[in-house]
Each structure stands twice: as C-alpha cells, then as structure tokens.
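Data from entry-v5.pdb: PDB, C-alpha atoms
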ATOM      1  CA  MET A 827     -74.617  13.338 -58.164  1.00  0.00           C
ATOM      2  CA  VAL A 828     -72.028  14.578 -55.690  1.00  0.00           C
ATOM      3  CA  LYS A 829     -72.926  18.163 -56.622  1.00  0.00           C
ATOM      4  CA  ALA A 830     -76.502  17.296 -55.621  1.00  0.00           C
ATOM      5  CA  GLY A 831     -75.333  16.269 -52.149  1.00  0.00           C
ATOM      6  CA  ILE A 832     -75.010  12.512 -52.648  1.00  0.00           C
ATOM      7  CA  THR A 833     -71.884  11.072 -51.047  1.00  0.00           C
ATOM      8  CA  PRO A 834     -69.062   9.866 -53.300  1.00  0.00           C
ATOM      9  CA  GLU A 835     -69.574   6.331 -51.968  1.00  0.00           C
ATOM     10  CA  ASP A 836     -73.280   6.303 -52.847  1.00  0.00           C
ATOM     11  CA  THR A 837     -72.490   7.836 -56.237  1.00  0.00           C
ATOM     12  CA  LEU A 838     -70.119   4.961 -57.065  1.00  0.00           C
ATOM     13  CA  LEU A 839     -72.503   2.353 -55.665  1.00  0.00           C
ATOM     14  CA  SER A 840     -75.337   3.797 -57.774  1.00  0.00           C
ATOM     15  CA  ALA A 841     -73.288   3.216 -60.918  1.00  0.00           C
ATOM     16  CA  THR A 842     -72.276  -0.315 -59.938  1.00  0.00           C
ATOM     17  CA  ARG A 843     -73.911  -2.479 -57.277  1.00  0.00           C
ATOM     18  CA  TYR A 844     -77.231  -0.642 -56.966  1.00  0.00           C
ATOM     19  CA  ALA A 845     -77.730  -0.510 -60.747  1.00  0.00           C
ATOM     20  CA  ALA A 846     -77.066  -4.248 -61.053  1.00  0.00           C
ATOM     21  CA  GLU A 847     -79.487  -4.974 -58.204  1.00  0.00           C
ATOM     22  CA  MET A 848     -82.236  -2.828 -59.769  1.00  0.00           C
ATOM     23  CA  LEU A 849     -81.854  -4.688 -63.072  1.00  0.00           C
ATOM     24  CA  GLN A 850     -81.667  -8.033 -61.231  1.00  0.00           C
ATOM     25  CA  TRP A 851     -78.261  -8.669 -62.797  1.00  0.00           C
ATOM     26  CA  ASP A 852     -76.358  -8.675 -59.513  1.00  0.00           C
ATOM     27  CA  ASP A 853     -75.662 -12.397 -59.884  1.00  0.00           C
ATOM     28  CA  ARG A 854     -73.295 -11.589 -62.763  1.00  0.00           C
ATOM     29  CA  LEU A 855     -72.168  -7.948 -62.415  1.00  0.00           C
ATOM     30  CA  GLY A 856     -72.123  -4.898 -60.153  1.00  0.00           C
ATOM     31  CA  THR A 857     -69.317  -5.976 -57.822  1.00  0.00           C
ATOM     32  CA  ILE A 858     -65.850  -7.375 -58.364  1.00  0.00           C
ATOM     33  CA  GLU A 859     -66.128 -11.068 -57.531  1.00  0.00           C
ATOM     34  CA  GLU A 860     -64.849 -14.289 -59.052  1.00  0.00           C
ATOM     35  CA  GLY A 861     -67.058 -15.388 -61.929  1.00  0.00           C
ATOM     36  CA  LYS A 862     -68.702 -11.996 -62.497  1.00  0.00           C
ATOM     37  CA  LEU A 863     -68.328  -9.836 -65.601  1.00  0.00           C
ATOM     38  CA  ALA A 864     -66.347  -6.649 -65.125  1.00  0.00           C
ATOM     39  CA  ASP A 865     -65.408  -3.529 -67.014  1.00  0.00           C
ATOM     40  CA  ILE A 866     -62.722  -1.863 -64.922  1.00  0.00           C
ATOM     41  CA  ILE A 867     -61.096   1.522 -64.601  1.00  0.00           C
ATOM     42  CA  ALA A 868     -58.208   2.389 -62.317  1.00  0.00           C
ATOM     43  CA  VAL A 869     -57.717   5.911 -61.048  1.00  0.00           C
ATOM     44  CA  ASP A 870     -54.765   7.734 -59.571  1.00  0.00           C
ATOM     45  CA  GLY A 871     -56.192   8.702 -56.201  1.00  0.00           C
ATOM     46  CA  ASP A 872     -59.113   8.047 -53.896  1.00  0.00           C
ATOM     47  CA  PRO A 873     -62.487   8.812 -55.508  1.00  0.00           C
ATOM     48  CA  LEU A 874     -64.138   8.708 -52.093  1.00  0.00           C
ATOM     49  CA  ALA A 875     -62.008  11.699 -51.089  1.00  0.00           C
ATOM     50  CA  ASP A 876     -61.865  13.435 -54.491  1.00  0.00           C
ATOM     51  CA  MET A 877     -64.302  12.467 -57.243  1.00  0.00           C
ATOM     52  CA  SER A 878     -62.354  14.547 -59.781  1.00  0.00           C
ATOM     53  CA  VAL A 879     -59.947  11.594 -60.144  1.00  0.00           C
ATOM     54  CA  MET A 880     -62.807   9.955 -62.076  1.00  0.00           C
ATOM     55  CA  ALA A 881     -62.756  12.622 -64.816  1.00  0.00           C
ATOM     56  CA  ALA A 882     -62.267  11.025 -68.235  1.00  0.00           C
ATOM     57  CA  ASP A 883     -58.991  12.827 -68.874  1.00  0.00           C
ATOM     58  CA  ARG A 884     -57.572  11.607 -65.541  1.00  0.00           C
ATOM     59  CA  ILE A 885     -58.291   7.866 -65.880  1.00  0.00           C
ATOM     60  CA  PRO A 886     -55.004   6.036 -66.605  1.00  0.00           C
ATOM     61  CA  PHE A 887     -56.421   2.502 -67.101  1.00  0.00           C
ATOM     62  CA  ILE A 888     -59.559   1.263 -68.875  1.00  0.00           C
ATOM     63  CA  MET A 889     -60.516  -2.376 -69.523  1.00  0.00           C
ATOM     64  CA  LYS A 890     -63.795  -3.381 -71.202  1.00  0.00           C
ATOM     65  CA  ASP A 891     -64.810  -6.922 -72.082  1.00  0.00           C
ATOM     66  CA  GLY A 892     -61.323  -8.093 -71.137  1.00  0.00           C
ATOM     67  CA  VAL A 893     -59.635  -5.724 -73.594  1.00  0.00           C
ATOM     68  CA  VAL A 894     -57.332  -3.002 -72.269  1.00  0.00           C
ATOM     69  CA  TYR A 895     -58.077   0.266 -74.081  1.00  0.00           C
ATOM     70  CA  LYS A 896     -55.889   2.596 -72.085  1.00  0.00           C
ATOM     71  CA  TYR A 897     -52.809   1.843 -70.002  1.00  0.00           C
TER      72      TYR A 897
END
This entry written out as structure tokens:
Amino acid sequence: MVKAGITPEDTLLSATRYAAEMLQWDDRLGTIEEGKLADIIAVDGDPLADMSVMAADRIPFIMKDGVVYKY
C-alpha cells in the first residue's frame, strides 16, 4: 500500500482499526484497549518512519490468541 502512495499510518490503520470498523467488529478488536481481543507483533523500529521493520523476517515478537509464537 505504501508503494501505491498510501501513508504508513493509513496502511497500518487499514489493517487494524478501519478493517474492524468495516466489519462492524470494532467493539471487540481493531485497537488495543482493555477488554478487546488482540493479536500483537512488536517491531524493532518505527513503522511510521520505515515500513520495512514490518517485514516477516524482521519481526522479533509475535503473539496470537494469547500464545507467544516468537520472542
């Protein structure tokens, strides 16, 4: 999406908040808030400045359904 001219911020929002809103699931996912479901990745860097930190081989932490798969 960034290659198409969409900002990094809007790219991340499209995959999270905006997707949840479109599916009308924003009451339970899409943002990190108490009581919401969350699959989480942590990256080493600022994806708003450099989206390459989101490349699969550069993600140091992955948690899905409360289970840590990579740390």
Using only C-alpha atoms, which residues sit within 7 Å of Leu874 of chain A once same-chain residues fewer than 2 positions away are excluded, as a ChimeraX atom specification? /A:834-835,872,876-877
Quick one, how far is atom CA of Ile832 of chain A from atom CA of Arg854 of chain A? 26.2 Å
Test item: the PyMOL selection byres ((chain A and resi 880-886) around 9) resolved as number ranges by chain: A: 867-871, 873, 876-879, 887-888, 896-897
I need the residue set behind the PyMOL selection byres ((chain A and resi 892) around 10) for this file; please write it as a PDB file with C-alpha atoms, keeping the file's coordinate frame.
ATOM      1  CA  LEU A 863     -68.328  -9.836 -65.601  1.00  0.00           C
ATOM      2  CA  ALA A 864     -66.347  -6.649 -65.125  1.00  0.00           C
ATOM      3  CA  ASP A 865     -65.408  -3.529 -67.014  1.00  0.00           C
ATOM      4  CA  ILE A 866     -62.722  -1.863 -64.922  1.00  0.00           C
ATOM      5  CA  ILE A 888     -59.559   1.263 -68.875  1.00  0.00           C
ATOM      6  CA  MET A 889     -60.516  -2.376 -69.523  1.00  0.00           C
ATOM      7  CA  LYS A 890     -63.795  -3.381 -71.202  1.00  0.00           C
ATOM      8  CA  ASP A 891     -64.810  -6.922 -72.082  1.00  0.00           C
ATOM      9  CA  VAL A 893     -59.635  -5.724 -73.594  1.00  0.00           C
ATOM     10  CA  VAL A 894     -57.332  -3.002 -72.269  1.00  0.00           C
ATOM     11  CA  TYR A 895     -58.077   0.266 -74.081  1.00  0.00           C
TER      12      TYR A 895
END
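Here atom CA of Lys829 of chain A and atom CA of Thr857 of chain A stand 24.4 Å from one another.
Near Asp852 of chain A, within a cut-off of 12 Å and counting all atoms listed in the file, sit the residues Thr842, Arg843, Tyr844, Ala845, Ala846, Glu847, Met848, Gly856, Thr857, Ile858, Glu859, Gly861, Lys862, Leu863 and Ala864 of chain A, with same-chain residues fewer than 4 positions away left out.
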Dump C-alpha atoms for the selected residues as a CSV table (one decimal), in the frame of the given file?
chain,number,residue,atom,x,y,z
A,842,THR,CA,-72.3,-0.3,-59.9
A,843,ARG,CA,-73.9,-2.5,-57.3
A,844,TYR,CA,-77.2,-0.6,-57.0
A,845,ALA,CA,-77.7,-0.5,-60.7
A,846,ALA,CA,-77.1,-4.2,-61.1
A,847,GLU,CA,-79.5,-5.0,-58.2
A,848,MET,CA,-82.2,-2.8,-59.8
A,856,GLY,CA,-72.1,-4.9,-60.2
A,857,THR,CA,-69.3,-6.0,-57.8
A,858,ILE,CA,-65.8,-7.4,-58.4
A,859,GLU,CA,-66.1,-11.1,-57.5
A,861,GLY,CA,-67.1,-15.4,-61.9
A,862,LYS,CA,-68.7,-12.0,-62.5
A,863,LEU,CA,-68.3,-9.8,-65.6
A,864,ALA,CA,-66.3,-6.6,-65.1
With distances taken over all atoms listed in the file, the candidate from A:Thr833, A:Glu860, A:Met827, A:Leu839 nearest Ala875 of chain A is A:Thr833
Listed atoms of segment 858-875 of chain A boxed along x, y and z, 8 Å each side, centre and edge lengths in Å, one decimal, as lines of an AutoDock Vina configuration file:
center_x = -61.7
center_y = -1.8
center_z = -59.1
size_x = 29.9
size_y = 43.1
size_z = 31.9
